[in-house]
file start-v6.txt (compact mmCIF, C-alpha atoms (C1' of nucleotides))
# COMPACT_ATOMS: atom_id res chain seq x y z
CA MET A 1 112.28 60.46 120.69
CA LEU A 2 112.56 62.07 124.12
CA ILE A 3 112.44 60.10 127.33
CA GLY A 4 108.77 60.91 127.97
CA GLU A 5 107.73 59.46 124.64
CA LEU A 6 109.82 56.34 125.20
CA ALA A 7 108.16 56.00 128.59
CA LYS A 8 104.70 56.20 127.04
CA LYS A 9 105.55 53.75 124.27
CA THR A 10 106.92 51.14 126.66
CA GLY A 11 104.76 51.76 129.69
CA CYS A 12 107.91 52.21 131.74
CA ASP A 13 108.34 55.08 134.17
CA VAL A 14 110.70 57.88 133.10
CA GLU A 15 112.69 57.57 136.29
CA THR A 16 113.03 53.83 135.77
CA ILE A 17 114.46 54.41 132.29
CA ARG A 18 117.05 56.76 133.74
CA TYR A 19 117.73 54.18 136.43
CA TYR A 20 118.34 51.46 133.83
CA GLU A 21 120.77 53.73 132.04
CA ARG A 22 122.61 54.44 135.29
CA GLU A 23 122.78 50.70 135.88
CA ARG A 24 124.20 50.18 132.37
CA LEU A 25 121.33 48.00 131.23
CA LEU A 26 120.26 50.53 128.66
CA SER A 27 122.93 52.05 126.42
CA ALA A 28 123.41 55.80 126.85
CA PRO A 29 121.32 57.69 124.31
CA GLN A 30 122.43 60.65 122.23
CA ARG A 31 122.04 64.04 123.85
CA SER A 32 120.83 67.31 122.44
CA ALA A 33 122.81 70.48 123.06
CA SER A 34 120.71 71.14 126.14
CA GLY A 35 121.37 67.66 127.50
CA TYR A 36 118.03 66.05 126.63
CA ARG A 37 118.16 62.33 125.88
CA HIS A 38 117.18 61.29 122.36
CA TYR A 39 116.28 57.66 121.76
CA ASN A 40 116.03 55.65 118.55
CA ALA A 41 114.24 52.44 117.57
CA GLU A 42 117.13 50.27 118.67
CA GLN A 43 116.97 51.56 122.23
CA LEU A 44 113.22 51.13 122.23
CA GLY A 45 113.91 47.46 121.45
CA GLU A 46 116.52 47.27 124.21
CA LEU A 47 114.11 48.65 126.76
CA ASN A 48 111.31 46.34 125.67
CA PHE A 49 113.68 43.41 126.01
CA ILE A 50 114.56 44.47 129.54
CA LEU A 51 110.92 44.98 130.49
CA HIS A 52 109.91 41.64 129.07
CA CYS A 53 112.65 39.87 131.00
CA ARG A 54 111.64 41.74 134.15
CA SER A 55 108.06 40.59 133.64
CA LEU A 56 109.48 37.05 133.67
CA GLY A 57 110.88 37.79 137.11
CA MET A 58 114.53 38.04 136.12
CA SER A 59 116.89 40.19 138.15
CA LEU A 60 118.67 43.09 136.52
CA ALA A 61 121.94 41.16 136.88
CA ASP A 62 120.44 38.24 134.95
CA ILE A 63 119.19 40.57 132.27
CA ARG A 64 122.59 42.17 132.00
CA ASN A 65 124.09 38.71 131.44
CA LEU A 66 121.42 37.80 128.94
CA ALA A 67 122.03 40.99 127.01
CA ALA A 68 125.74 40.23 126.93
CA PHE A 69 125.01 36.75 125.53
CA LYS A 70 122.69 38.34 123.01
CA ALA A 71 125.45 40.68 121.86
CA ASP A 72 128.01 37.87 121.59
CA HIS A 73 126.53 35.81 118.77
CA GLU A 74 129.30 33.19 118.85
CA HIS A 75 128.69 32.49 122.52
CA ASP A 76 127.40 29.02 123.29
CA CYS A 77 123.80 29.21 124.40
CA GLU A 78 124.27 26.68 127.17
CA ASP A 79 124.72 29.57 129.56
CA ILE A 80 121.39 30.97 128.48
CA ASN A 81 119.69 27.65 129.11
CA LEU A 82 121.31 27.47 132.52
CA LEU A 83 120.11 30.95 133.38
CA ILE A 84 116.55 30.09 132.41
CA ASP A 85 116.72 26.81 134.30
CA GLN A 86 117.86 28.61 137.42
CA GLN A 87 115.06 31.11 136.98
CA ILE A 88 112.54 28.30 136.65
CA ALA A 89 113.89 26.65 139.78
CA LYS A 90 113.73 29.90 141.69
CA VAL A 91 110.19 30.65 140.61
CA HIS A 92 109.04 27.11 141.27
CA GLN A 93 110.47 27.17 144.77
CA GLN A 94 108.83 30.51 145.54
CA ALA A 95 105.50 29.39 144.14
CA GLU A 96 105.59 26.24 146.22
CA ALA A 97 106.46 28.19 149.37
CA LEU A 98 103.57 30.55 148.75
CA ARG A 99 101.18 27.68 148.21
CA LEU A 100 102.09 26.23 151.60
CA LEU A 101 101.86 29.66 153.15
CA GLU A 102 98.39 30.18 151.78
CA GLN A 103 97.27 26.90 153.30
CA GLN A 104 98.63 27.92 156.68
CA LEU A 105 96.91 31.27 156.46
CA LEU A 106 93.61 29.70 155.45
CA ALA A 107 93.85 27.30 158.37
CA LEU A 108 94.55 30.26 160.62
CA ARG A 109 91.63 32.22 159.22
CA ASP A 110 89.39 29.27 159.98
CA LYS A 111 89.99 29.78 163.71
CA CYS A 112 87.83 32.86 163.87
CA HIS A 113 84.68 33.69 161.98
CA ASP A 114 82.61 35.91 164.17
CA SER A 115 83.48 39.29 165.43
CA HIS A 116 84.32 39.42 169.13
CA ALA A 117 86.91 40.78 171.51
CA ALA A 118 90.54 40.27 170.63
CA ALA A 119 91.11 38.41 173.88
CA ASP A 120 88.95 35.56 172.61
CA CYS A 121 90.09 35.66 168.99
CA GLY A 122 91.06 32.21 167.78
CA ILE A 123 93.49 33.62 165.29
CA LEU A 124 95.44 35.54 167.86
CA GLN A 125 95.43 32.60 170.25
CA THR A 126 96.65 30.30 167.51
CA LEU A 127 99.43 32.68 166.57
CA VAL A 128 100.62 32.99 170.13
CA GLU A 129 100.44 29.25 170.74
CA ALA A 130 102.17 28.47 167.47
CA ALA A 131 104.96 30.82 168.40
CA GLU A 132 105.41 29.13 171.76
CA GLY A 133 104.86 25.61 170.61
CA GLU A 134 106.17 23.36 167.91
CA PRO A 135 108.82 24.53 165.53
CA CYS A 136 107.16 25.62 162.33
CA VAL A 137 109.10 23.97 159.55
CA CYS A 138 108.08 26.33 156.84
CA HIS A 139 110.00 26.87 153.67
CA THR A 140 111.07 30.49 153.82
CA PRO A 141 108.55 32.08 151.46
CA PHE A 142 109.85 35.59 150.90
CA GLY A 143 111.08 36.55 154.32
CA GLN A 144 114.60 35.49 155.14
CA ASP A 145 115.89 34.89 151.64
CA ASN A 146 115.95 38.54 150.94
CA HIS A 147 115.38 39.17 147.26
CA GLY A 148 117.42 36.25 146.04
CA HIS A 149 120.94 37.11 147.00
CA SER A 150 123.18 34.27 146.05
CA HIS A 151 126.59 34.86 147.55
CA ASP A 152 125.53 34.52 151.17
CA HIS A 153 123.07 31.72 150.65
CA ASP A 154 124.91 28.96 152.51
CA HIS A 155 125.89 31.50 155.13
CA ALA A 156 122.26 32.41 155.76
CA ALA A 157 121.31 28.75 155.83
CA LYS A 158 123.74 28.17 158.65
CA LYS A 159 122.54 31.05 160.75
CA ASN A 160 118.85 31.12 160.11
CA GLY A 161 117.88 28.02 161.93
CA ARG A 162 114.17 28.75 162.10
CA THR A 163 112.96 28.47 158.56
CA GLN A 164 115.59 26.01 157.47
CA LYS A 165 115.40 23.43 160.17
CA GLY A 166 112.89 24.65 162.74
CA ARG A 167 113.99 25.65 166.18
CA PRO A 168 116.90 23.74 167.82
CA MET B 1 119.45 36.03 179.17
CA LEU B 2 121.83 37.97 176.93
CA ILE B 3 121.10 38.70 173.32
CA GLY B 4 123.29 35.85 172.03
CA GLU B 5 121.36 33.30 174.05
CA LEU B 6 118.03 34.71 172.86
CA ALA B 7 119.34 34.48 169.30
CA LYS B 8 120.27 30.83 169.77
CA LYS B 9 116.94 29.99 171.39
CA THR B 10 114.90 31.58 168.64
CA GLY B 11 117.14 30.97 165.64
CA CYS B 12 117.06 34.69 164.96
CA ASP B 13 120.18 36.65 164.16
CA VAL B 14 121.51 38.93 166.91
CA GLU B 15 121.51 41.90 164.57
CA THR B 16 117.94 41.18 163.58
CA ILE B 17 116.87 41.22 167.22
CA ARG B 18 118.49 44.62 167.68
CA TYR B 19 116.79 45.71 164.47
CA TYR B 20 113.38 44.65 165.77
CA GLU B 21 114.01 46.61 168.93
CA ARG B 22 114.99 49.69 166.91
CA GLU B 23 111.77 49.26 164.91
CA ARG B 24 109.77 49.04 168.14
CA LEU B 25 108.49 45.56 167.44
CA LEU B 26 110.30 44.15 170.41
CA SER B 27 110.04 45.99 173.72
CA ALA B 28 113.31 47.40 175.01
CA PRO B 29 114.94 44.94 177.44
CA GLN B 30 116.53 45.76 180.75
CA ARG B 31 120.15 46.79 180.64
CA SER B 32 123.04 45.85 182.87
CA ALA B 33 125.36 48.57 184.19
CA SER B 34 127.61 48.03 181.20
CA GLY B 35 124.71 48.42 178.77
CA TYR B 36 124.20 44.74 177.96
CA ARG B 37 120.63 43.76 177.07
CA HIS B 38 118.98 41.26 179.42
CA TYR B 39 115.91 39.42 178.20
CA ASN B 40 113.24 37.50 180.07
CA ALA B 41 110.73 34.83 179.11
CA GLU B 42 108.13 37.40 178.10
CA GLN B 43 110.41 38.89 175.50
CA LEU B 44 111.34 35.46 174.26
CA GLY B 45 107.62 34.98 173.62
CA GLU B 46 107.38 38.34 171.91
CA LEU B 47 110.22 37.49 169.56
CA ASN B 48 108.82 34.07 168.79
CA PHE B 49 105.50 35.69 167.96
CA ILE B 50 107.22 38.08 165.58
CA LEU B 51 109.20 35.32 163.92
CA HIS B 52 106.15 33.15 163.53
CA CYS B 53 104.24 35.98 161.89
CA ARG B 54 107.21 36.71 159.64
CA SER B 55 107.25 33.06 158.60
CA LEU B 56 103.64 33.59 157.54
CA GLY B 57 104.87 36.34 155.23
CA MET B 58 103.54 39.27 157.22
CA SER B 59 105.23 42.63 156.99
CA LEU B 60 106.70 44.22 160.09
CA ALA B 61 103.97 46.87 159.89
CA ASP B 62 101.30 44.14 159.96
CA ILE B 63 103.00 42.48 162.90
CA ARG B 64 103.15 45.78 164.75
CA ASN B 65 99.42 46.15 164.24
CA LEU B 66 98.74 42.61 165.29
CA ALA B 67 100.81 43.07 168.44
CA ALA B 68 98.81 46.20 169.24
CA PHE B 69 95.56 44.25 168.85
CA LYS B 70 97.00 41.53 171.03
CA ALA B 71 97.77 44.05 173.76
CA ASP B 72 94.32 45.63 173.56
CA HIS B 73 92.13 42.79 174.77
CA GLU B 74 88.91 44.74 174.41
CA HIS B 75 89.59 45.48 170.78
CA ASP B 76 87.19 43.90 168.35
CA CYS B 77 88.93 41.16 166.45
CA GLU B 78 87.36 42.11 163.16
CA ASP B 79 90.52 44.06 162.37
CA ILE B 80 92.57 40.95 162.95
CA ASN B 81 90.39 38.98 160.57
CA LEU B 82 90.70 41.72 158.01
CA LEU B 83 94.47 41.71 158.33
CA ILE B 84 94.63 37.96 157.82
CA ASP B 85 92.23 38.15 154.91
CA GLN B 86 94.37 40.77 153.24
CA GLN B 87 97.43 38.64 153.85
CA ILE B 88 95.68 35.65 152.28
CA ALA B 89 94.68 37.73 149.28
CA LYS B 90 98.20 39.01 148.88
CA VAL B 91 99.76 35.57 149.11
CA HIS B 92 97.17 34.06 146.80
CA GLN B 93 97.77 36.72 144.20
CA GLN B 94 101.53 36.28 144.37
CA ALA B 95 101.25 32.51 144.18
CA GLU B 96 99.01 32.73 141.14
CA ALA B 97 101.37 35.18 139.43
CA LEU B 98 104.28 32.85 140.07
CA ARG B 99 102.37 29.89 138.70
CA LEU B 100 101.74 31.74 135.44
CA LEU B 101 105.33 32.89 135.39
CA GLU B 102 106.59 29.35 135.75
CA GLN B 103 104.47 28.26 132.80
CA GLN B 104 105.87 31.05 130.68
CA LEU B 105 109.40 30.16 131.65
CA LEU B 106 108.85 26.47 130.92
CA ALA B 107 107.45 27.34 127.50
CA LEU B 108 110.47 29.51 126.93
CA ARG B 109 112.86 26.76 128.03
CA ASP B 110 111.20 24.45 125.54
CA LYS B 111 112.48 26.61 122.67
CA CYS B 112 116.04 25.41 123.07
CA HIS B 113 117.35 22.03 124.12
CA ASP B 114 120.67 21.53 122.39
CA SER B 115 123.78 23.55 122.89
CA HIS B 116 124.61 25.83 119.98
CA ALA B 117 125.61 29.39 119.20
CA ALA B 118 123.66 32.15 120.89
CA ALA B 119 122.71 33.60 117.51
CA ASP B 120 120.53 30.53 116.86
CA CYS B 121 119.20 30.10 120.38
CA GLY B 122 115.45 29.74 120.38
CA ILE B 123 115.16 31.20 123.86
CA LEU B 124 116.95 34.38 122.97
CA GLN B 125 114.98 34.72 119.75
CA THR B 126 111.74 34.21 121.59
CA LEU B 127 112.66 36.79 124.20
CA VAL B 128 113.52 39.38 121.57
CA GLU B 129 110.41 38.68 119.55
CA ALA B 130 108.19 38.71 122.59
CA ALA B 131 109.64 42.07 123.56
CA GLU B 132 108.91 43.51 120.13
CA GLY B 133 105.63 41.78 119.58
CA GLU B 134 102.40 41.33 121.47
CA PRO B 135 101.83 43.00 124.78
CA CYS B 136 102.51 40.52 127.53
CA VAL B 137 99.57 40.77 129.90
CA CYS B 138 101.31 39.29 132.85
CA HIS B 139 100.28 39.81 136.43
CA THR B 140 103.26 41.54 138.00
CA PRO B 141 104.80 38.66 139.95
CA PHE B 142 107.38 40.35 142.16
CA GLY B 143 108.69 43.05 139.94
CA GLN B 144 106.80 46.32 139.87
CA ASP B 145 104.77 45.96 143.03
CA ASN B 146 107.73 46.65 145.21
CA HIS B 147 107.29 45.03 148.57
CA GLY B 148 103.65 45.91 148.90
CA HIS B 149 103.55 49.63 149.26
CA SER B 150 100.00 50.71 149.65
CA HIS B 151 99.85 54.48 149.63
CA ASP B 152 100.88 54.88 146.01
CA HIS B 153 99.05 51.88 144.68
CA ASP B 154 96.53 53.60 142.44
CA HIS B 155 99.26 55.98 141.39
CA ALA B 156 101.49 53.11 140.28
CA ALA B 157 98.58 51.42 138.54
CA LYS B 158 98.07 54.51 136.43
CA LYS B 159 101.69 54.80 135.43
CA ASN B 160 102.74 51.24 135.03
CA GLY B 161 100.82 50.40 131.92
CA ARG B 162 102.80 47.33 131.04
CA THR B 163 101.90 44.82 133.62
CA GLN B 164 98.50 46.23 134.36
CA LYS B 165 97.05 46.62 130.92
CA GLY B 166 99.77 45.63 128.46
CA ARG B 167 101.28 48.13 126.12
CA PRO B 168 99.05 50.83 124.66
C1' DC C 1 147.69 40.28 182.09
C1' DT C 2 146.38 38.66 177.99
C1' DT C 3 143.31 36.12 175.02
C1' DG C 4 139.06 35.55 172.96
C1' DA C 5 134.25 35.39 173.03
C1' DC C 6 130.87 38.14 173.57
C1' DC C 7 128.50 42.86 173.82
C1' DC C 8 127.64 47.95 172.29
C1' DT C 9 126.52 51.96 168.77
C1' DG C 10 126.36 53.78 164.34
C1' DT C 11 126.45 53.65 159.56
C1' DA C 12 126.25 51.79 154.95
C1' DG C 13 124.85 48.27 151.80
C1' DC C 14 121.56 45.06 149.12
C1' DG C 15 117.66 45.20 144.85
C1' DA C 16 114.69 47.65 142.02
C1' DC C 17 112.90 51.13 142.00
C1' DT C 18 110.25 55.80 143.60
C1' DA C 19 109.97 60.56 145.03
C1' DC C 20 111.34 64.81 145.44
C1' DA C 21 114.22 69.25 145.48
C1' DG C 22 116.02 72.57 142.77
C1' DG C 23 117.01 73.85 138.66
C1' DG C 24 117.03 74.33 133.09
C1' DT C 25 114.52 74.11 128.31
C1' DG C 26 111.09 74.63 124.82
C1' DT C 27 106.68 75.80 123.00
C1' DG C 28 102.40 78.32 122.68
C1' DC C 29 99.73 82.26 123.50
C1' DA C 30 98.55 87.19 124.79
C1' DT D 1 108.22 90.40 124.95
C1' DG D 2 106.64 88.20 128.81
C1' DC D 3 104.84 84.41 130.95
C1' DA D 4 102.69 80.05 131.86
C1' DC D 5 103.31 75.36 131.68
C1' DA D 6 104.85 70.96 130.24
C1' DC D 7 108.67 68.71 129.89
C1' DC D 8 113.72 67.73 130.79
C1' DC D 9 118.08 67.50 133.84
C1' DT D 10 121.05 65.93 138.11
C1' DG D 11 121.48 64.42 142.64
C1' DT D 12 120.01 62.62 146.78
C1' DA D 13 117.19 60.16 149.96
C1' DG D 14 113.54 56.96 150.92
C1' DT D 15 111.25 52.15 150.65
C1' DC D 16 111.62 46.94 153.15
C1' DG D 17 113.82 43.64 156.02
C1' DC D 18 117.49 42.76 157.09
C1' DT D 19 123.03 42.12 156.85
C1' DA D 20 127.73 43.53 157.42
C1' DC D 21 130.92 45.95 158.91
C1' DA D 22 134.03 49.52 161.81
C1' DG D 23 135.52 50.77 165.99
C1' DG D 24 135.10 50.27 170.35
C1' DG D 25 133.82 48.21 175.40
C1' DT D 26 133.08 44.04 178.87
C1' DC D 27 133.89 39.83 181.10
C1' DA D 28 135.45 35.26 182.42
C1' DA D 29 139.09 31.84 181.97
C1' DG D 30 143.89 30.55 181.78

call {"tool": "encode", "arguments": {"input": "start-v6.txt", "output": "structure tokens"}}
result
Amino acid sequence: MLIGELAKKTGCDVETIRYYERERLLSAPQRSASGYRHYNAEQLGELNFILHCRSLGMSLADIRNLAAFKADHEHDCEDINLLIDQQIAKVHQQAEALRLLEQQLLALRDKCHDSHAAADCGILQTLVEAAEGEPCVCHTPFGQDNHGHSHDHDHAAKKNGRTQKGRP
Amino acid sequence: MLIGELAKKTGCDVETIRYYERERLLSAPQRSASGYRHYNAEQLGELNFILHCRSLGMSLADIRNLAAFKADHEHDCEDINLLIDQQIAKVHQQAEALRLLEQQLLALRDKCHDSHAAADCGILQTLVEAAEGEPCVCHTPFGQDNHGHSHDHDHAAKKNGRTQKGRP
DNA sequence: CTTGACCCTGTAGCGACTACAGGGTGTGCA
DNA sequence: TGCACACCCTGTAGTCGCTACAGGGTCAAG
């Protein structure tokens, strides 16, 4: 099976498949004399596994770990449980942040219904006032915590006063 | 006020302030003879406005637009309302996707409680089976829709069969 | 006259792709 | 045989919103 067929079967973009191979998530397929990739059923399974995990919001690093656990049958599955627990925590936190955010946005939207000049727009006024006024203690929805880095988490918490503890 | 002081006052990183200036979100400040940036109260307000909008999950492009509307007092505020409505829709969609995702993850976590060998881990088995089995019609939480591109949206929808319409 | 805290520019990196340039291959049809 | 056209290859650069340096300059205090 050539890469195009694999792409069709999985619904994954051709370039993404090549990317996964480059990132060592997908094992390197056999090559024809002319360098074309040839995939078998096993690699179809591998890719589907990756895509399913991605659809559960896991990072490629997590998936790499999970695949390693999967390969090592003797490995204690506690690590797997931990990984899923962390994923749940992450997703829960994000969902909660978005819920709060939506409420704030709806409240903001409520400030202006009619169409009039920007100078009188309640939304704009509210935004400007909010920026000047009280610290907004909002729980960093998807802004500052950029894509779930982990190594600099405490570091960012120290610096990024705004979303963590409001303004000083 | 030098950049460090502005950073402290707003809780924004110094490098981020310079980044906003580079991106033309923040107007260029006056410079001392030695090239140091000097900020005034107006620019403090500007930055706070940006940070507040960011905390509401808006993209820098959206904030740029909003700032332009703010500057143009005659401008009809319908565009502002539209922008906020789109933002609400975006956030709502993401929140909903994350809620579903959390449910899926919790169900998955339920497959394995005890600690045993990975070969027998219910989570891993479930993941593998799910990958092989039914199409997972999940609503692209934060995976494929990368950071809210808009120009190639229909394009991506055509290609990315998995999360849009399950596997064919 | 040095120390050390601050400032500057420029560039590269993150994650998970996506897009394209510039080329090669393979099949079908006239 | 020639050619069109769909597919494949590699490599590089772009996306977004920062973050982290390297390698230097400035300025006030001791």

call {"tool": "residues_around", "arguments": {"input": "start-v6.txt", "residues": "DT12 of chain D", "least_positions_apart": "4", "cutoff": "12 Å", "atoms": "only C-alpha atoms (C1' of nucleotides)", "output": "list in words"}}
result
DA19, DC20, DA21 and DG22 of chain C

call {"tool": "interface_residues", "arguments": {"input": "start-v6.txt", "of": "chain A", "to": "chain C", "cutoff": "8 Å", "atoms": "all atoms listed in the file", "output": "PDB file with C-alpha atoms, in the coordinates of the input"}}
result
ATOM      1  CA  GLU A  15     112.690  57.570 136.290  1.00  0.00           C
ATOM      2  CA  THR A  16     113.030  53.830 135.770  1.00  0.00           C
ATOM      3  CA  TYR A  19     117.730  54.180 136.430  1.00  0.00           C
ATOM      4  CA  SER A  34     120.710  71.140 126.140  1.00  0.00           C
ATOM      5  CA  HIS A 147     115.380  39.170 147.260  1.00  0.00           C
TER       6      HIS A 147
END

call {"tool": "residues_around", "arguments": {"input": "start-v6.txt", "residues": "Ala61 of chain A", "least_positions_apart": "3", "cutoff": "10 Å", "atoms": "only C-alpha atoms (C1' of nucleotides)", "output": "list of chain:residue names"}}
result
A:Glu23, A:Leu25, A:Met58, A:Arg64, A:Asn65, A:Leu66, A:Ala67, C:DG15

call {"tool": "atom_distance", "arguments": {"input": "start-v6.txt", "atom1": "atom C1' of DT10 of chain D", "atom2": "atom CA of Gly35 of chain A"}}
result
10.8 Å

call {"tool": "axis_aligned_box", "arguments": {"input": "start-v6.txt", "around": "segment 89-96 of chain A", "padding_each_side": "4 Å", "output": "JSON"}}
result
{"center_x": 109.7, "center_y": 28.4, "center_z": 143.0, "size_x": 16.4, "size_y": 12.4, "size_z": 14.4}

call {"tool": "decode", "arguments": {"input": "start-v6.txt", "residues": "segment 25-33 of chain B", "atoms": "all heavy atoms", "output": "PDB file, in the first residue's frame"}}
result
ATOM      1  N   LEU B  25       1.015  45.576  17.569  1.00  0.00           N
ATOM      2  CA  LEU B  25      -0.157  45.631  18.439  1.00  0.00           C
ATOM      3  C   LEU B  25      -0.009  46.797  19.391  1.00  0.00           C
ATOM      4  O   LEU B  25      -0.971  47.458  19.760  1.00  0.00           O
ATOM      5  CB  LEU B  25      -0.274  44.337  19.253  1.00  0.00           C
ATOM      6  CG  LEU B  25      -0.928  43.188  18.523  1.00  0.00           C
ATOM      7  CD1 LEU B  25      -0.355  41.866  18.958  1.00  0.00           C
ATOM      8  CD2 LEU B  25      -2.416  43.227  18.766  1.00  0.00           C
ATOM      9  N   LEU B  26       1.215  46.990  19.791  1.00  0.00           N
ATOM     10  CA  LEU B  26       1.563  48.067  20.706  1.00  0.00           C
ATOM     11  C   LEU B  26       2.267  49.136  19.876  1.00  0.00           C
ATOM     12  O   LEU B  26       3.131  48.808  19.064  1.00  0.00           O
ATOM     13  CB  LEU B  26       2.528  47.489  21.748  1.00  0.00           C
ATOM     14  CG  LEU B  26       2.527  47.999  23.162  1.00  0.00           C
ATOM     15  CD1 LEU B  26       1.124  48.044  23.736  1.00  0.00           C
ATOM     16  CD2 LEU B  26       3.410  47.093  24.015  1.00  0.00           C
ATOM     17  N   SER B  27       1.878  50.405  20.071  1.00  0.00           N
ATOM     18  CA  SER B  27       2.555  51.452  19.306  1.00  0.00           C
ATOM     19  C   SER B  27       3.988  51.616  19.792  1.00  0.00           C
ATOM     20  O   SER B  27       4.285  51.381  20.971  1.00  0.00           O
ATOM     21  CB  SER B  27       1.797  52.771  19.465  1.00  0.00           C
ATOM     22  OG  SER B  27       1.790  53.165  20.813  1.00  0.00           O
ATOM     23  N   ALA B  28       4.863  51.978  18.872  1.00  0.00           N
ATOM     24  CA  ALA B  28       6.284  52.097  19.194  1.00  0.00           C
ATOM     25  C   ALA B  28       6.478  53.222  20.203  1.00  0.00           C
ATOM     26  O   ALA B  28       6.001  54.338  19.990  1.00  0.00           O
ATOM     27  CB  ALA B  28       7.089  52.364  17.936  1.00  0.00           C
ATOM     28  N   PRO B  29       7.172  52.965  21.289  1.00  0.00           N
ATOM     29  CA  PRO B  29       7.383  53.988  22.324  1.00  0.00           C
ATOM     30  C   PRO B  29       8.504  54.942  21.933  1.00  0.00           C
ATOM     31  O   PRO B  29       9.256  54.675  20.999  1.00  0.00           O
ATOM     32  CB  PRO B  29       7.798  53.159  23.532  1.00  0.00           C
ATOM     33  CG  PRO B  29       8.514  51.986  22.943  1.00  0.00           C
ATOM     34  CD  PRO B  29       7.840  51.698  21.625  1.00  0.00           C
ATOM     35  N   GLN B  30       8.585  56.023  22.654  1.00  0.00           N
ATOM     36  CA  GLN B  30       9.728  56.928  22.480  1.00  0.00           C
ATOM     37  C   GLN B  30      11.004  56.216  22.897  1.00  0.00           C
ATOM     38  O   GLN B  30      10.969  55.290  23.710  1.00  0.00           O
ATOM     39  CB  GLN B  30       9.532  58.162  23.365  1.00  0.00           C
ATOM     40  CG  GLN B  30       8.520  59.141  22.798  1.00  0.00           C
ATOM     41  CD  GLN B  30       8.737  60.517  23.390  1.00  0.00           C
ATOM     42  OE1 GLN B  30       8.486  60.716  24.572  1.00  0.00           O
ATOM     43  NE2 GLN B  30       9.198  61.465  22.570  1.00  0.00           N
ATOM     44  N   ARG B  31      12.117  56.725  22.337  1.00  0.00           N
ATOM     45  CA  ARG B  31      13.403  56.116  22.679  1.00  0.00           C
ATOM     46  C   ARG B  31      14.336  57.167  23.268  1.00  0.00           C
ATOM     47  O   ARG B  31      14.367  58.312  22.807  1.00  0.00           O
ATOM     48  CB  ARG B  31      14.058  55.547  21.413  1.00  0.00           C
ATOM     49  CG  ARG B  31      13.257  54.479  20.712  1.00  0.00           C
ATOM     50  CD  ARG B  31      13.448  53.121  21.350  1.00  0.00           C
ATOM     51  NE  ARG B  31      12.887  52.073  20.522  1.00  0.00           N
ATOM     52  CZ  ARG B  31      13.423  50.868  20.402  1.00  0.00           C
ATOM     53  NH1 ARG B  31      14.525  50.560  21.051  1.00  0.00           N
ATOM     54  NH2 ARG B  31      12.851  49.939  19.649  1.00  0.00           N
ATOM     55  N   SER B  32      15.093  56.766  24.233  1.00  0.00           N
ATOM     56  CA  SER B  32      16.148  57.635  24.762  1.00  0.00           C
ATOM     57  C   SER B  32      17.311  57.631  23.770  1.00  0.00           C
ATOM     58  O   SER B  32      17.326  56.849  22.825  1.00  0.00           O
ATOM     59  CB  SER B  32      16.620  57.115  26.117  1.00  0.00           C
ATOM     60  OG  SER B  32      17.317  55.905  25.949  1.00  0.00           O
ATOM     61  N   ALA B  33      18.294  58.483  24.031  1.00  0.00           N
ATOM     62  CA  ALA B  33      19.455  58.575  23.132  1.00  0.00           C
ATOM     63  C   ALA B  33      20.129  57.210  22.969  1.00  0.00           C
ATOM     64  O   ALA B  33      20.625  56.863  21.900  1.00  0.00           O
ATOM     65  CB  ALA B  33      20.455  59.584  23.685  1.00  0.00           C
TER      66      ALA B  33
END
